[in-house]
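> Here you go, one structure.
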Amino acid sequence: MSEELVRVRVEGRTGVLTLNRPKALNALTHSMVATIAAALDRWERDPEVAAVVLTGAGERGLCAGGDIRSIHEDARAGGQASAAFWRDEYRLNARIARYPKPYVAIMDGIVMGGGVGVAAHGSVRIVTEGSKVAMPETGIGFVPDVGGTYLLALAPGELGTHLALTGAVMGPGDALLCGFADHFVERAQLPALLAALRTAPPGEVLHRHVRDAPSGGLRANRSWIDACYSADSVEEIVERLLACGVPAAGEAAATLLARSPTALKVTLAALRRARELGPLERVLEQEYRVSCAALSSTDLVEGIRAQVIDKDRAPRWSPGTLAEVTDADVARYFAPTGGEGLSLAASASSKEVPW
């Protein structure tokens with residue numbers, strides 16, 4: 001069954017992984033993570049495989065994230081399966097980041113949450129005019145994971161803070177600006193690019209297909225984003241957004257006030273801590289502690305219920321306001337896990353956070 005959910009094949013000199021749950025927007029399951037990891041192990045030792053390509057089945061996107069319906073059920077039952085899933089998923093994220101052969105991720109369509117984890121740590125990350133890249137976790141009472149806080153912390157200025165707290169979607173131009181992608185290729189050119197990769201390495205064929213990306217909106221908004229999101233607390237960020245007089249800033253404030261107050265405060269703390277942690281592996285270890293703590297929170301269950309299960313879009317967060325979330329509430333998310341933790345060997349090839 002796991003082999004069906006991820007199509008694994010070799011085409012010429014390229015190992016191709018196709019996430020194959022199109023009706024579920026290729027949402028990741030534990031067995032899919034295991035299949036991808038096993039294929040990467042096999043191809044690393046295979047001299048006939050020179051590069052790896054990741055794609056998604058269907059027309060809607062590469063991957064919308066993890067299977068949050070399963071996470072919802074597991075959180076209500078105690079959370080052991082989700083913790084095991086994240087442990088292997090985050091190990092896979094780190095594996096992709098240090099993979100010794102070119103890892104080409106075709107980030108066409110929706111690429112969110114866990115989809116970012118299996119794509120945006122690759123060495124060659126390609127977006128198209130249809131790309132919609134995001135870490136929308138605060139909307140379900142969760143916190144960006146899969147190395148998302150690492151990538152967001154590396155984004156210019158406070159763009160990563162804005163994206164993390166609001167869950168805003170990046171088009172191709174913004175994904176390139178924020179370091180989630182490397183190249184723009186028009187969707188119509190993807191078949192030709194994939195065909196060329198069967199016989200030649202990415203460095204020899206990319207230049208024939210890469211084009212200038214459409215401009216995004218984040219660069220033009222840097223001034224108010226940097227000014228507002230540099231505040232030391234979520235409360236002050238909201239105050240600055242409401243006071244700056246820019247309509248888009250007011251919209252961002254309204255978005256934040258609808259999000260889980262706890263998830264917002266933990267996300268801000270996670271981002272600021274990620275800036276000091278160094279390589280990706282250390283950030284993933286922190287994310288694992290945060291994710292496991294979220295399993296015992298009421299907001300994760302309630303957020304998934306409101307957005308995915310009942311779809312009433314009316315979550316009842318607890319606590320319900322930012323003022324009610326204490327420093328001790330936030331600190332609990334960063335405490336050592338009660339069970340088996342996550343320990344990853346930092347790799348010299350990992351990008352270092354430049355702070």
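If you're wondering about the labels, chains in the structure tokens are A, B, ... by order shown, residues count from 1 in each chain, ligands from 1 in order shown.
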Which residues in range 105-162 of chain A does DSSP call helix (DSSP H, G or I)? List them as a list in words.
Gly114, Gly115, Val116, Gly117, Val118, Ala119, Glu137, Thr138, Gly139, Ile140, Gly148, Thr149, Tyr150, Leu151, Leu152, Ala153, Leu154, Leu159, Gly160, Thr161 and His162 of chain A
> For Thr14 in chain A, list every protein, DNA or RNA residue within 7 Å, evaluated using only C-alpha atoms, and leave out those in the same chain fewer than 4 positions away; present the list as a ChimeraX atom specification.
/A:10,49-53,197-198
> Please indicate the distance in Å from CA of Ala153 in chain A to CA of Ala274 in chain A, rounded to one decimal place.
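According to the coordinates, CA of Ala153 in chain A and CA of Ala274 in chain A are separated by 6.5 Å.
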> When you count only C-alpha atoms, which of these residues is closest to Ala134 in chain A: A:Leu165, A:Ala196, A:Met32, A:Val238?
A:Leu165
> What lies within 7 Å of range 223-233 of chain A using only C-alpha atoms, ignoring chain neighbours under 3 positions off, as an MDAnalysis selection string?
chainID A and resid 157:159 161:162 236:237 240:241
> What is the CA of Ser297 in chain A-CA of Asp145 in chain A distance in Å, reported with one decimal?
16.1 Å
> Do you know which residues are at most 9 Å from range 322-332 of chain A counting only C-alpha atoms, after dropping those on the same chain fewer than 3 positions away, and could you put them as a list in words?
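The neighbour list is Val234, Glu235, Leu257, Ser260, Pro261, Thr262, Ala263, Leu264, Lys265, Val266, Ala269, Val290, Ala293, Ser318, Pro319, Ala335 and Pro336 of chain A.
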> When distances are computed from only C-alpha atoms, which of A:Ala38, A:Ala164, A:Val146, A:Ala75 shows the smallest separation from Glu287 in chain A?
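Comparing A:Ala38, A:Ala164, A:Val146, A:Ala75 against Glu287 in chain A, the winner is A:Val146.
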> Between CA of Pro100 in chain A and CA of Ala155 in chain A, measure the distance and give it in Å to one decimal.
24.6 Å
> Would you mind telling me which residue in A:Leu242, A:Leu206, A:Ala195, A:Leu342 lies nearest to Glu11 in chain A when using only C-alpha atoms?
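Ranking A:Leu242, A:Leu206, A:Ala195, A:Leu342 by distance to Glu11 in chain A, first place goes to A:Ala195.
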> Residues of range 18-115 of chain A classed as strand (DSSP E or B) by DSSP on the backbone are to be reported as a list in words.
Thr18, Leu19, Leu28, Ala51, Val52, Val53, Leu54, Thr55, Gly56, Gly61, Leu62, Cys63, Gly66, Tyr103, Val104, Ala105, Ile106, Met107, Gly109, Ile110, Val111 and Met112 of chain A
> Choose the residue, out of A:Arg76, A:Arg187, A:Arg98, A:Arg259, that has the smallest atom-to-atom separation from Thr166 in chain A; count only C-alpha atoms.
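For Thr166 in chain A, the nearest of the given residues is A:Arg259.
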> Nearest to Gly173 in chain A: which of A:Gly245, A:Gly115, A:Pro214, A:Gly15 is it, counting only C-alpha atoms?
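Among A:Gly245, A:Gly115, A:Pro214, A:Gly15, it is A:Pro214 that comes nearest to Gly173 in chain A.
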> Could you tell me which of A:Ile309, A:Lys23, A:Pro172, A:Asp299 comes closest to Lys132 in chain A if we count only C-alpha atoms?
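Distance minimum relative to Lys132 in chain A lands on A:Pro172.
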> At a cut-off of 8 Å, using only C-alpha atoms, what residues contact Ile96 in chain A? Leave out same-chain residues fewer than 6 positions from it and give the result as a ChimeraX atom specification.
/A:103,118,121-122
> I need the residues from that last selection saved to file as an mmCIF file, in the first residue's frame (with all heavy atoms), if you can.

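Now in selection15.cif:
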```
data_model
loop_
_atom_site.group_PDB
_atom_site.id
_atom_site.type_symbol
_atom_site.label_atom_id
_atom_site.label_comp_id
_atom_site.auth_asym_id
_atom_site.auth_seq_id
_atom_site.Cartn_x
_atom_site.Cartn_y
_atom_site.Cartn_z
ATOM 1 N N TYR A 103 18.696 16.930 -5.376
ATOM 2 C CA TYR A 103 17.317 16.597 -4.999
ATOM 3 C C TYR A 103 16.452 17.711 -5.558
ATOM 4 O O TYR A 103 16.465 18.841 -5.059
ATOM 5 C CB TYR A 103 17.208 16.503 -3.486
ATOM 6 C CG TYR A 103 15.830 16.122 -2.954
ATOM 7 C CD1 TYR A 103 15.561 14.809 -2.553
ATOM 8 C CD2 TYR A 103 14.821 17.070 -2.809
ATOM 9 C CE1 TYR A 103 14.302 14.462 -2.033
ATOM 10 C CE2 TYR A 103 13.582 16.728 -2.300
ATOM 11 C CZ TYR A 103 13.324 15.425 -1.909
ATOM 12 O OH TYR A 103 12.088 15.089 -1.407
ATOM 13 N N VAL A 118 9.215 18.249 2.650
ATOM 14 C CA VAL A 118 9.834 17.304 1.707
ATOM 15 C C VAL A 118 10.315 17.992 0.442
ATOM 16 O O VAL A 118 10.922 17.342 -0.416
ATOM 17 C CB VAL A 118 8.870 16.151 1.340
ATOM 18 C CG1 VAL A 118 8.592 15.287 2.562
ATOM 19 C CG2 VAL A 118 7.573 16.667 0.720
ATOM 20 N N HIS A 121 13.672 21.817 1.528
ATOM 21 C CA HIS A 121 15.025 21.543 2.019
ATOM 22 C C HIS A 121 15.896 20.900 0.942
ATOM 23 O O HIS A 121 17.058 20.578 1.189
ATOM 24 C CB HIS A 121 14.970 20.634 3.249
ATOM 25 C CG HIS A 121 14.234 21.242 4.403
ATOM 26 N ND1 HIS A 121 14.625 22.425 4.998
ATOM 27 C CD2 HIS A 121 13.103 20.850 5.059
ATOM 28 C CE1 HIS A 121 13.774 22.721 5.978
ATOM 29 N NE2 HIS A 121 12.848 21.778 6.025
ATOM 30 N N GLY A 122 15.332 20.704 -0.235
ATOM 31 C CA GLY A 122 16.085 20.114 -1.335
ATOM 32 C C GLY A 122 17.111 21.077 -1.899
ATOM 33 O O GLY A 122 17.098 22.276 -1.634
#
```
